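Shown below: model.txt, with compact mmCIF, C-alpha atoms and all ligand atoms.
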```
# COMPACT_ATOMS: atom_id res chain seq x y z
CA MET A 82 -2.44 -21.10 -3.79
CA GLN A 83 -0.97 -17.94 -5.21
CA LEU A 84 -0.81 -14.91 -2.94
CA ALA A 85 -1.68 -11.53 -4.40
CA GLN A 86 1.02 -9.36 -5.92
CA ARG A 87 0.52 -6.78 -3.21
CA VAL A 88 1.52 -9.29 -0.58
CA GLN A 89 4.40 -10.64 -2.62
CA GLN A 90 5.57 -7.07 -3.11
CA LEU A 91 5.72 -6.30 0.61
CA PRO A 92 9.32 -5.40 1.29
CA PRO A 93 11.42 -7.99 3.12
CA TYR A 94 11.69 -7.36 6.81
CA LEU A 95 14.51 -4.86 6.94
CA PHE A 96 15.45 -5.57 10.49
CA ALA A 97 15.88 -9.27 9.76
CA ARG A 98 19.64 -9.18 10.09
CA ILE A 99 19.52 -7.30 13.38
CA SER A 100 16.73 -9.55 14.65
CA GLU A 101 18.83 -12.62 13.97
CA MET A 102 21.67 -11.05 15.85
CA ILE A 103 19.45 -10.16 18.80
CA ALA A 104 18.16 -13.72 18.93
CA ALA A 105 21.72 -15.09 18.83
CA LYS A 106 22.84 -12.68 21.56
CA ARG A 107 19.89 -13.56 23.78
CA ALA A 108 20.52 -17.26 23.25
CA ALA A 109 24.10 -16.63 24.39
CA GLY A 110 22.75 -15.05 27.57
CA VAL A 111 23.33 -11.39 26.66
CA ASP A 112 20.94 -8.83 28.19
CA VAL A 113 19.94 -7.04 24.97
CA ILE A 114 18.81 -3.41 25.27
CA SER A 115 16.73 -2.19 22.34
CA PHE A 116 16.47 1.45 21.32
CA GLY A 117 14.66 0.15 18.25
CA ILE A 118 10.96 0.69 18.70
CA GLY A 119 9.05 3.95 19.19
CA ASP A 120 6.43 2.92 21.70
CA PRO A 121 6.19 4.98 24.93
CA ASP A 122 7.25 2.98 28.00
CA LEU A 123 5.31 5.24 30.36
CA PRO A 124 1.74 4.21 31.21
CA THR A 125 -1.39 6.01 30.04
CA PRO A 126 -2.15 8.68 32.69
CA GLY A 127 -4.48 7.47 35.45
CA TYR A 128 -7.25 10.04 34.93
CA ILE A 129 -7.54 8.89 31.30
CA LEU A 130 -7.70 5.23 32.33
CA ASP A 131 -10.40 6.10 34.87
CA SER A 132 -12.65 7.39 32.10
CA LEU A 133 -12.20 4.09 30.24
CA LYS A 134 -13.16 2.16 33.37
CA ARG A 135 -16.30 4.26 33.84
CA ALA A 136 -17.21 3.98 30.15
CA ALA A 137 -16.82 0.19 30.22
CA ASP A 138 -19.83 -0.05 32.56
CA VAL A 139 -22.16 1.78 30.18
CA PRO A 140 -24.11 -0.76 28.08
CA ALA A 141 -24.43 1.64 25.13
CA ASN A 142 -20.66 1.38 24.79
CA HIS A 143 -20.88 -2.40 24.35
CA ARG A 144 -22.42 -2.01 20.91
CA TYR A 145 -21.06 -1.14 17.46
CA PRO A 146 -19.64 2.37 17.29
CA GLU A 147 -20.20 4.58 14.24
CA THR A 148 -17.33 4.65 11.74
CA GLU A 149 -16.97 8.42 11.93
CA GLY A 150 -16.79 8.48 15.71
CA LEU A 151 -19.12 9.76 18.43
CA PRO A 152 -20.30 13.34 17.89
CA GLU A 153 -18.83 14.04 21.36
CA PHE A 154 -15.43 12.74 20.23
CA ARG A 155 -15.45 14.84 17.08
CA GLN A 156 -16.51 17.88 19.11
CA ALA A 157 -13.60 17.25 21.49
CA VAL A 158 -11.22 17.10 18.51
CA ALA A 159 -12.66 20.40 17.27
CA ARG A 160 -12.14 21.98 20.70
CA TRP A 161 -8.57 20.68 20.74
CA TYR A 162 -7.78 22.14 17.32
CA GLN A 163 -9.35 25.43 18.36
CA ARG A 164 -7.46 25.66 21.61
CA ARG A 165 -4.17 24.20 20.45
CA HIS A 166 -3.96 25.50 16.88
CA ASN A 167 -6.59 28.25 16.65
CA VAL A 168 -8.13 26.22 13.80
CA THR A 169 -11.93 25.95 13.57
CA LEU A 170 -13.17 22.58 12.33
CA ASP A 171 -16.71 21.42 11.54
CA PRO A 172 -17.13 18.20 13.57
CA GLU A 173 -19.75 16.95 11.08
CA ARG A 174 -17.77 17.30 7.87
CA GLU A 175 -14.14 17.86 8.69
CA ILE A 176 -13.31 15.21 11.31
CA VAL A 177 -13.33 11.41 11.23
CA SER A 178 -12.11 9.03 13.93
CA LEU A 179 -9.40 6.49 13.14
CA ILE A 180 -8.38 3.19 14.73
CA GLY A 181 -5.01 4.80 15.39
CA SER A 182 -3.60 7.15 12.77
CA LYS A 183 -1.67 4.28 11.14
CA GLU A 184 -5.02 2.82 10.10
CA GLY A 185 -6.06 6.08 8.47
CA ILE A 186 -2.69 6.57 6.83
CA GLY A 187 -2.72 3.03 5.45
CA HIS A 188 -6.24 3.38 4.06
CA PHE A 189 -6.08 6.98 2.82
CA PRO A 190 -4.57 6.12 -0.59
CA LEU A 191 -7.81 4.21 -1.33
CA VAL A 192 -9.42 7.65 -1.50
CA LEU A 193 -7.09 9.09 -4.14
CA ILE A 194 -4.83 6.53 -5.76
CA ASP A 195 -5.89 4.51 -8.79
CA PRO A 196 -3.57 1.97 -10.40
CA GLY A 197 -0.63 3.80 -11.95
CA ASP A 198 -1.16 7.01 -9.97
CA VAL A 199 1.77 8.66 -8.25
CA ALA A 200 2.05 9.57 -4.56
CA LEU A 201 5.08 11.48 -3.35
CA MET A 202 6.64 10.76 0.01
CA THR A 203 9.70 12.00 1.79
CA ASP A 204 12.75 9.75 2.19
CA PRO A 205 13.64 8.79 4.91
CA GLY A 206 10.03 8.29 6.01
CA TYR A 207 7.46 6.25 7.88
CA PRO A 208 7.05 3.06 5.81
CA VAL A 209 3.22 3.00 5.96
CA TYR A 210 2.96 5.88 3.43
CA GLU A 211 4.50 3.69 0.77
CA ILE A 212 2.60 0.51 1.58
CA GLY A 213 -0.87 2.08 1.32
CA THR A 214 -0.07 3.39 -2.14
CA MET A 215 1.38 0.06 -3.24
CA PHE A 216 -1.80 -1.73 -2.10
CA CYS A 217 -3.75 0.58 -4.44
CA GLY A 218 -1.51 -0.25 -7.40
CA GLY A 219 0.00 3.22 -7.26
CA GLU A 220 3.60 4.30 -7.38
CA SER A 221 5.44 6.02 -4.54
CA VAL A 222 8.07 8.46 -5.69
CA LYS A 223 10.54 9.45 -2.98
CA VAL A 224 11.51 13.04 -2.37
CA PRO A 225 14.90 12.91 -0.64
CA LEU A 226 15.46 14.83 2.59
CA ARG A 227 18.90 16.10 3.47
CA GLU A 228 20.56 17.14 6.67
CA GLU A 229 21.72 20.46 5.17
CA ASP A 230 18.08 21.36 4.44
CA GLY A 231 17.03 20.60 8.01
CA TRP A 232 15.35 17.47 6.62
CA LEU A 233 12.71 19.54 4.82
CA PRO A 234 11.91 18.61 1.19
CA ARG A 235 12.98 20.92 -1.65
CA LEU A 236 9.54 21.17 -3.18
CA ASP A 237 10.73 23.52 -5.90
CA ALA A 238 13.26 20.93 -7.01
CA ILE A 239 10.52 18.39 -7.78
CA PRO A 240 10.43 18.19 -11.59
CA ALA A 241 7.38 19.98 -13.02
CA ASP A 242 6.06 16.93 -14.87
CA LEU A 243 6.34 14.79 -11.73
CA ALA A 244 4.59 17.45 -9.65
CA ARG A 245 1.78 17.56 -12.21
CA ARG A 246 1.43 13.77 -12.30
CA ALA A 247 1.45 13.35 -8.51
CA LYS A 248 -1.94 13.15 -6.87
CA MET A 249 -0.68 13.58 -3.34
CA ILE A 250 2.32 14.09 -1.09
CA TRP A 251 2.94 12.79 2.42
CA LEU A 252 4.54 15.18 4.89
CA ASN A 253 5.37 14.51 8.54
CA TYR A 254 6.61 17.24 10.91
CA PRO A 255 7.73 16.73 13.63
CA ASN A 256 9.38 13.98 11.62
CA ASN A 257 9.95 10.31 12.22
CA PRO A 258 12.76 9.17 11.94
CA THR A 259 14.82 12.39 11.79
CA GLY A 260 13.22 14.34 14.65
CA ALA A 261 13.17 17.38 12.32
CA VAL A 262 10.62 20.13 12.82
CA CYS A 263 9.25 22.84 10.56
CA ASP A 264 7.76 26.27 11.02
CA LEU A 265 4.51 27.62 9.64
CA ALA A 266 6.37 29.29 6.76
CA PHE A 267 7.32 25.83 5.45
CA PHE A 268 3.67 24.77 5.53
CA GLU A 269 2.75 27.99 3.70
CA ARG A 270 5.20 27.14 0.92
CA ALA A 271 3.93 23.56 0.81
CA VAL A 272 0.29 24.65 0.51
CA ALA A 273 1.14 27.14 -2.25
CA TRP A 274 3.12 24.45 -4.12
CA ALA A 275 0.26 21.93 -3.70
CA LYS A 276 -2.32 24.39 -5.02
CA ALA A 277 -0.15 25.32 -8.00
CA ASN A 278 0.27 21.65 -8.90
CA ASP A 279 -3.14 20.32 -7.88
CA VAL A 280 -1.59 17.92 -5.36
CA VAL A 281 -3.24 16.84 -2.10
CA ILE A 282 -1.14 17.16 1.05
CA ALA A 283 -1.56 14.42 3.64
CA HIS A 284 0.19 15.66 6.75
CA ASP A 285 1.03 13.32 9.62
CA LEU A 286 1.12 15.22 12.94
CA ALA A 287 1.59 12.21 15.23
CA TYR A 288 4.28 13.96 17.31
CA SER A 289 2.64 17.36 17.77
CA GLU A 290 2.91 17.32 21.57
CA VAL A 291 6.25 15.55 21.97
CA THR A 292 8.38 18.69 21.81
CA TYR A 293 11.33 20.26 23.64
CA ASP A 294 13.18 23.50 24.20
CA GLY A 295 10.02 25.61 23.85
CA TYR A 296 9.24 24.47 20.31
CA VAL A 297 5.50 24.38 19.51
CA ALA A 298 4.51 22.27 16.49
CA PRO A 299 2.08 23.91 14.06
CA SER A 300 -0.79 22.18 12.28
CA ILE A 301 -0.73 22.57 8.50
CA LEU A 302 -4.34 23.73 8.84
CA GLU A 303 -3.07 26.92 10.50
CA VAL A 304 -2.19 28.07 6.97
CA PRO A 305 -5.13 30.08 5.58
CA GLY A 306 -6.76 28.08 2.79
CA ALA A 307 -4.84 24.89 3.62
CA ARG A 308 -8.03 22.90 3.89
CA ASP A 309 -8.60 23.36 0.15
CA VAL A 310 -5.81 20.82 -0.39
CA ALA A 311 -4.86 19.27 2.94
CA ILE A 312 -5.89 16.50 5.27
CA GLU A 313 -4.07 16.00 8.59
CA PHE A 314 -3.61 12.74 10.48
CA ASN A 315 -3.32 13.01 14.21
CA SER A 316 -3.21 10.58 17.06
CA LEU A 317 -3.53 10.21 20.79
CA SER A 318 -0.80 7.54 20.77
CA LYS A 319 2.38 9.52 21.28
CA SER A 320 0.85 12.60 22.95
CA PHE A 321 -0.90 10.71 25.74
CA ASN A 322 0.94 7.36 25.84
CA MET A 323 -2.06 5.63 24.31
CA THR A 324 -0.49 3.45 21.61
CA GLY A 325 -2.29 0.38 22.95
CA TRP A 326 -5.77 1.94 22.83
CA ARG A 327 -5.80 2.70 19.09
CA ILE A 328 -7.44 6.03 18.46
CA GLY A 329 -6.62 8.88 16.13
CA MET A 330 -8.31 11.30 13.78
CA ALA A 331 -8.15 12.69 10.26
CA VAL A 332 -9.16 16.33 9.91
CA GLY A 333 -9.29 18.99 7.23
CA ASN A 334 -10.64 19.01 3.67
CA ALA A 335 -14.28 17.93 3.88
CA GLU A 336 -14.30 16.04 0.58
CA LEU A 337 -11.24 13.99 1.57
CA VAL A 338 -12.48 13.40 5.11
CA GLY A 339 -15.91 12.40 3.76
CA ALA A 340 -14.38 10.00 1.22
CA LEU A 341 -12.18 8.41 3.89
CA ARG A 342 -15.24 7.99 6.10
CA ARG A 343 -17.08 6.26 3.20
CA VAL A 344 -14.14 3.94 2.52
CA LYS A 345 -13.83 3.09 6.19
CA SER A 346 -17.55 2.52 6.67
CA ASN A 347 -17.22 -0.34 4.19
CA ILE A 348 -14.35 -2.04 5.96
CA ASP A 349 -14.44 -1.15 9.65
CA SER A 350 -16.94 -0.15 12.30
CA GLY A 351 -15.00 2.49 14.11
CA VAL A 352 -13.26 2.89 17.44
CA PRO A 353 -14.72 1.27 20.60
CA GLN A 354 -16.77 3.98 22.27
CA ALA A 355 -15.13 3.51 25.65
CA VAL A 356 -11.81 4.30 23.97
CA GLN A 357 -13.40 7.40 22.42
CA GLU A 358 -14.41 8.43 25.96
CA MET A 359 -10.75 8.13 27.00
CA ALA A 360 -9.75 10.32 24.09
CA ILE A 361 -12.31 12.99 25.03
CA THR A 362 -10.89 13.02 28.57
CA ALA A 363 -7.35 13.27 27.21
CA LEU A 364 -8.08 16.03 24.69
CA ASP A 365 -10.07 18.15 27.15
CA GLY A 366 -7.75 17.45 30.06
CA PRO A 367 -4.81 19.26 31.61
CA SER A 368 -1.44 19.47 29.87
CA GLU A 369 0.61 18.36 32.90
CA ALA A 370 0.87 14.75 31.74
CA ILE A 371 2.31 15.86 28.39
CA GLU A 372 4.76 18.19 30.13
CA SER A 373 5.97 15.58 32.59
CA HIS A 374 6.45 12.96 29.85
CA ASN A 375 8.38 15.45 27.76
CA ALA A 376 10.64 16.25 30.72
CA ILE A 377 11.52 12.56 30.95
CA TYR A 378 12.23 12.24 27.21
CA LEU A 379 14.27 15.42 27.34
CA ARG A 380 16.54 14.00 30.03
CA ARG A 381 17.00 10.82 28.02
CA ARG A 382 17.61 12.84 24.85
CA ASP A 383 20.37 14.92 26.39
CA ARG A 384 22.10 11.90 27.85
CA ALA A 385 21.88 10.03 24.52
CA VAL A 386 23.25 13.00 22.59
CA GLU A 387 26.24 13.21 24.94
CA VAL A 388 27.09 9.52 24.60
CA LEU A 389 26.57 9.40 20.83
CA ARG A 390 28.90 12.35 20.41
CA ALA A 391 31.51 10.53 22.47
CA LEU A 392 31.14 7.67 19.98
CA GLY A 393 32.01 10.09 17.18
CA LEU A 394 28.51 10.41 15.77
CA HIS A 395 27.15 13.80 14.75
CA VAL A 396 23.86 14.68 16.46
CA ASP A 397 21.69 17.77 16.55
CA PRO A 398 19.48 17.46 19.64
CA PRO A 399 15.94 17.09 18.21
CA LYS A 400 13.33 19.70 19.14
CA ALA A 401 10.59 17.07 18.90
CA SER A 402 9.70 13.40 18.49
CA LEU A 403 10.77 10.35 20.46
CA TYR A 404 13.94 9.86 18.43
CA VAL A 405 17.57 10.79 18.26
CA TRP A 406 18.87 10.65 14.69
CA ALA A 407 22.62 10.52 14.44
CA ARG A 408 25.10 10.67 11.55
CA LEU A 409 27.70 7.90 11.54
CA PRO A 410 31.32 8.79 12.19
CA GLU A 411 33.43 9.80 9.20
CA GLY A 412 34.34 6.79 7.08
CA GLU A 413 31.41 4.61 8.21
CA ARG A 414 29.23 3.86 5.19
CA SER A 415 26.65 1.29 6.14
CA SER A 416 24.14 1.99 8.89
CA ALA A 417 23.19 -1.71 8.94
CA ASP A 418 26.83 -2.76 9.43
CA TYR A 419 27.31 -0.15 12.12
CA ALA A 420 24.16 -1.20 13.98
CA ALA A 421 25.18 -4.84 13.71
CA ARG A 422 28.59 -4.04 15.17
CA LEU A 423 27.03 -2.15 18.08
CA VAL A 424 24.75 -5.09 18.92
CA ASP A 425 27.64 -7.45 18.66
CA ALA A 426 29.96 -5.46 20.89
CA THR A 427 27.48 -4.03 23.40
CA GLY A 428 24.13 -5.81 23.14
CA VAL A 429 22.58 -2.42 22.35
CA VAL A 430 20.12 -2.28 19.44
CA VAL A 431 19.67 0.84 17.30
CA THR A 432 17.80 1.13 14.02
CA PRO A 433 19.82 1.54 10.81
CA GLY A 434 18.68 4.71 9.03
CA VAL A 435 18.49 2.88 5.70
CA SER A 436 15.42 1.04 7.05
CA TYR A 437 13.51 4.29 6.48
CA GLY A 438 14.70 4.75 2.91
CA GLU A 439 17.88 5.21 0.93
CA ALA A 440 18.28 8.82 2.05
CA GLY A 441 18.51 7.52 5.62
CA GLU A 442 21.73 5.65 4.85
CA GLY A 443 24.61 6.90 6.93
CA TYR A 444 22.43 7.51 10.00
CA ILE A 445 21.05 5.54 12.92
CA ARG A 446 17.93 6.13 15.00
CA LEU A 447 17.57 5.66 18.73
CA SER A 448 14.13 5.65 20.29
CA LEU A 449 13.85 7.18 23.77
CA THR A 450 10.96 4.97 24.83
CA ILE A 451 12.54 2.51 27.23
CA PRO A 452 12.67 2.94 31.01
CA ASP A 453 15.29 5.33 32.44
CA GLU A 454 17.40 2.58 33.97
CA ARG A 455 17.54 0.71 30.64
CA VAL A 456 18.42 3.93 28.82
CA GLU A 457 21.20 4.48 31.36
CA GLU A 458 22.52 0.95 31.09
CA GLY A 459 22.42 1.04 27.26
CA LEU A 460 24.20 4.38 27.15
CA ARG A 461 26.70 3.28 29.79
CA ARG A 462 27.66 0.38 27.52
CA LEU A 463 27.94 2.62 24.48
CA ALA A 464 30.10 5.06 26.42
CA ALA A 465 32.39 2.22 27.55
CA PHE A 466 32.57 1.01 23.95
CA ALA A 467 33.51 4.55 22.90
CA ARG A 468 36.42 4.43 25.37
CA GLY A 469 37.59 1.20 23.74
CA GLU A 470 36.62 -0.98 26.69
CA GLN A 471 35.29 -4.45 26.26
CA VAL A 472 31.61 -4.26 27.20
CA LEU A 473 30.31 -7.82 26.89
CA PRO A 474 32.10 -10.92 28.07
CA GLN A 475 33.96 -12.56 25.18
CA ALA A 476 31.76 -15.18 23.52
C1 LIG B 1 3.66 6.25 15.67
C2 LIG B 1 3.40 6.91 14.36
C3 LIG B 1 2.11 6.98 13.80
C4 LIG B 1 0.91 6.21 14.21
O1 LIG B 1 0.55 5.99 15.39
P1 LIG B 1 -0.87 5.41 15.75
O2 LIG B 1 -0.61 4.71 17.02
O3 LIG B 1 -1.32 4.46 14.68
O4 LIG B 1 -1.78 6.57 15.85
C5 LIG B 1 1.91 7.70 12.66
N1 LIG B 1 2.92 8.31 12.05
C6 LIG B 1 4.16 8.25 12.52
C7 LIG B 1 5.22 8.96 11.79
C8 LIG B 1 4.45 7.54 13.68
O5 LIG B 1 5.71 7.45 14.10
```
Could I get this file's structure written as structure tokens?
Amino acid sequence: MQLAQRVQQLPPYLFARISEMIAAKRAAGVDVISFGIGDPDLPTPGYILDSLKRAADVPANHRYPETEGLPEFRQAVARWYQRRHNVTLDPEREIVSLIGSKEGIGHFPLVLIDPGDVALMTDPGYPVYEIGTMFCGGESVKVPLREEDGWLPRLDAIPADLARRAKMIWLNYPNNPTGAVCDLAFFERAVAWAKANDVVIAHDLAYSEVTYDGYVAPSILEVPGARDVAIEFNSLSKSFNMTGWRIGMAVGNAELVGALRRVKSNIDSGVPQAVQEMAITALDGPSEAIESHNAIYLRRRDRAVEVLRALGLHVDPPKASLYVWARLPEGERSSADYAARLVDATGVVVTPGVSYGEAGEGYIRLSLTIPDERVEEGLRRLAAFARGEQVLPQA
């Protein structure tokens, strides 16, 4: 048996070293606290769960859904975009449901990328962008992000021949892992650059509602004419604590949305209708749940920033996302070494920035998605470590 190249090419598990350490710590009886994974700890709001329970009793929902999603779901997405972004979408042609946005992001390169084609992505970045392109035999070229640019790509610095060769670019603001945000002016520049170079923009808006300090995240489709070149991936996962229910949407350019729908209709049969009913309830519902979740993350954010600064890391409090992205103290070079040392000394797990690409080296990421008391305990240990105290009993 010989596995396909695309499987052999899958990158080695970057957290392997940390995972081994966690396992060793646990085996030694250490209570490990992980700030590693971005998966909301808070439950899905009750009124959204109630609509799932009601929908489960309807026999029509026991059957195959349509790939593109219920018309009622797509209409709810259109209402959301109208209300939230003042963007008018045609539910028939410009919206398709996804089994979580990761599914759509992973499959989207099938729409555009032939073997040898180039897709641009920002570095550091969400690893799925690269994998989808690799599965299509395409090449991902990384556009580095830098702290001094607010983690926005220098589109004008992309060499002209590369820009011409590229078929698409992945953008993601609010950004994972950096927590960076952009304004509409950045999207305007991106759309103009994409049109000039005949490049499709795939924008990932997974964190649109997880925002702080009055920041409101724009959709790229708010730029006039953006839908000539852009498709946007969006999700209920982070906004409504629905990661376990798997529903998202791709919206924008009708040709791209239609092609994605055709690809998907050949490999999946859509999102369970009862889950679509939940999503309709969530999208049409009140914003209190979002606000109260954000208040909780905000408290955790501020506490984490304080402790990380005491450790000598440089942190700008993020205006969005579930993450705190921190620059290592002067003289520290390897984010993997630093993370390994933290686990070793404190039992606290953080993600090395290099896991998200070379440009993430020198940084670590903390996810704010563990219960308050675990956040407190983890930060208490880090603060003690910062004061030079011994945190864990000597092995
Ligand atoms: C969490 C996340 C997603 C996908 O979430 P789904 O649950 O698949 O909708 C997409 N993009 C980024 C950057 C994420 O962090």
Give me, as CSV, the closest atom pair and its distance (Å, one decimal) for every residue of stretch 294-401 of chain A within a cut-off of 10 Å of stretch 455-465 of chain A, counting all atoms listed in the file, rows sorted by chain and rising number.
```
residue,atom,partner,partner_atom,distance
A:Arg381,CA,A:Val456,CA,7.1
A:Arg382,CA,A:Val456,CA,9.8
A:Arg384,CA,A:Leu460,CA,7.8
A:Ala385,CA,A:Leu460,CA,6.6
A:Val386,CA,A:Leu460,CA,9.8
A:Glu387,CA,A:Ala464,CA,9.1
A:Val388,CA,A:Ala464,CA,5.7
A:Leu389,CA,A:Leu463,CA,7.8
A:Arg390,CA,A:Ala464,CA,9.5
A:Ala391,CA,A:Ala464,CA,6.9
A:Leu392,CA,A:Ala464,CA,7.0
```
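The smallest atom-to-atom distance between A:Ile239 and any of A:Gly412, A:Gly306, A:Pro433, A:Pro225, using all atoms listed in the file, is found for A:Pro225.
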Between A:Pro205, A:Gly351, A:Gly295, A:Pro196, which one has atoms that come closest to A:Pro258, using all atoms listed in the file?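 Of all the options, A:Pro205 lies closest to A:Pro258.
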Could you report the residues within 8 Å of ligand LIG 1 (chain B), using only C-alpha atoms and all ligand atoms, as a ChimeraX atom specification? /A:119-120,180-186,206-207,253,256-258,285-288,314-319,323-325,327-329
Quick one: residues within 12 Å of stretch 96-102 of chain A, only C-alpha atoms, excluding same-chain residues fewer than 5 positions away - as a PyMOL selection string? chain A and resi 107-109+111+113+115+117-118+416-437
Mind checking which residues fall within 8 Å of A:Glu358, counting all atoms listed in the file, ignoring those fewer than 3 positions away in the same chain, and posting them as a list in words?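 Result of the neighbour search: Ser132, Leu133, Ala136, Phe154, Gln354, Ala355, Ile361 and Thr362 of chain A.
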Would you mind reading off the distance between atom CA of A:Asp365 and atom CA of A:Ala157, one decimal, in Å?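 Distance between the two atoms: 6.7 Å.
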Which is closer to A:Met202 than all the others in A:Val405, A:Val168, A:Ala247, A:Ile377, using all atoms listed in the file?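 So, comparing all the options, the nearest one is A:Ala247.
The interatomic distance for the pair atom CA of A:Leu409 and atom CA of A:Leu449 works out to 18.5 Å.
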Given the choices A:Val304, A:Ile194, A:Ala137, A:Met359, which gets closest to A:His166 if the distance is worked out from only C-alpha atoms?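 Distance minimum relative to A:His166 lands on A:Val304.
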Could you check how far atom CA of A:Glu290 sits from atom CA of A:Ala401, in Å to one decimal?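 For atom CA of A:Glu290 relative to atom CA of A:Ala401, the distance reads 8.1 Å.
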Work out where the centre of an axis-aligned box around every listed atom of stretch 238-250 of chain A lies and how long its edges are once 6 Å is added on each side; give both in Å to one decimal as JSON.
```
{"center_x": 5.7, "center_y": 17.0, "center_z": -8.0, "size_x": 27.2, "size_y": 19.8, "size_z": 25.8}
```
As a compact mmCIF listing (two decimals), in the coordinates of the input, the rebuilt stretch 228-234 of chain A with all heavy atoms:
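This is the output file selection_0.txt:
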```txt
# COMPACT_ATOMS: atom_id res chain seq x y z
N GLU A 228 20.21 16.47 5.41
CA GLU A 228 20.56 17.14 6.67
C GLU A 228 20.75 18.65 6.46
O GLU A 228 20.29 19.45 7.27
CB GLU A 228 21.84 16.51 7.23
CG GLU A 228 22.20 17.03 8.60
CD GLU A 228 23.42 16.31 9.19
OE1 GLU A 228 23.67 15.13 8.85
OE2 GLU A 228 24.11 16.93 10.00
N GLU A 229 21.42 19.03 5.35
CA GLU A 229 21.72 20.46 5.17
C GLU A 229 20.45 21.29 4.93
O GLU A 229 20.49 22.52 5.03
CB GLU A 229 22.75 20.69 4.05
CG GLU A 229 22.31 20.30 2.66
CD GLU A 229 22.82 18.92 2.24
OE1 GLU A 229 22.90 18.01 3.12
OE2 GLU A 229 23.14 18.72 1.05
N ASP A 230 19.35 20.64 4.59
CA ASP A 230 18.08 21.36 4.44
C ASP A 230 17.23 21.25 5.70
O ASP A 230 16.02 21.54 5.67
CB ASP A 230 17.27 20.77 3.27
CG ASP A 230 18.02 20.89 1.94
OD1 ASP A 230 18.77 21.87 1.77
OD2 ASP A 230 17.85 19.99 1.09
N GLY A 231 17.82 20.81 6.80
CA GLY A 231 17.03 20.60 8.01
C GLY A 231 15.99 19.51 7.82
O GLY A 231 14.95 19.52 8.48
N TRP A 232 16.25 18.59 6.90
CA TRP A 232 15.35 17.47 6.62
C TRP A 232 13.97 17.93 6.14
O TRP A 232 12.97 17.27 6.36
CB TRP A 232 15.21 16.54 7.84
CG TRP A 232 16.52 16.02 8.33
CD1 TRP A 232 17.21 16.46 9.43
CD2 TRP A 232 17.35 15.01 7.74
NE1 TRP A 232 18.40 15.78 9.55
CE2 TRP A 232 18.51 14.88 8.54
CE3 TRP A 232 17.20 14.19 6.62
CZ2 TRP A 232 19.52 13.96 8.23
CZ3 TRP A 232 18.21 13.27 6.34
CH2 TRP A 232 19.35 13.17 7.14
N LEU A 233 13.94 19.09 5.47
CA LEU A 233 12.71 19.54 4.82
C LEU A 233 12.87 19.28 3.31
O LEU A 233 13.96 19.44 2.77
CB LEU A 233 12.48 21.04 5.05
CG LEU A 233 12.27 21.48 6.49
CD1 LEU A 233 12.15 23.00 6.58
CD2 LEU A 233 11.03 20.83 7.08
N PRO A 234 11.79 18.89 2.62
CA PRO A 234 11.91 18.61 1.19
C PRO A 234 12.10 19.90 0.38
O PRO A 234 11.54 20.94 0.73
CB PRO A 234 10.57 17.95 0.85
CG PRO A 234 9.61 18.47 1.87
CD PRO A 234 10.42 18.69 3.12
```
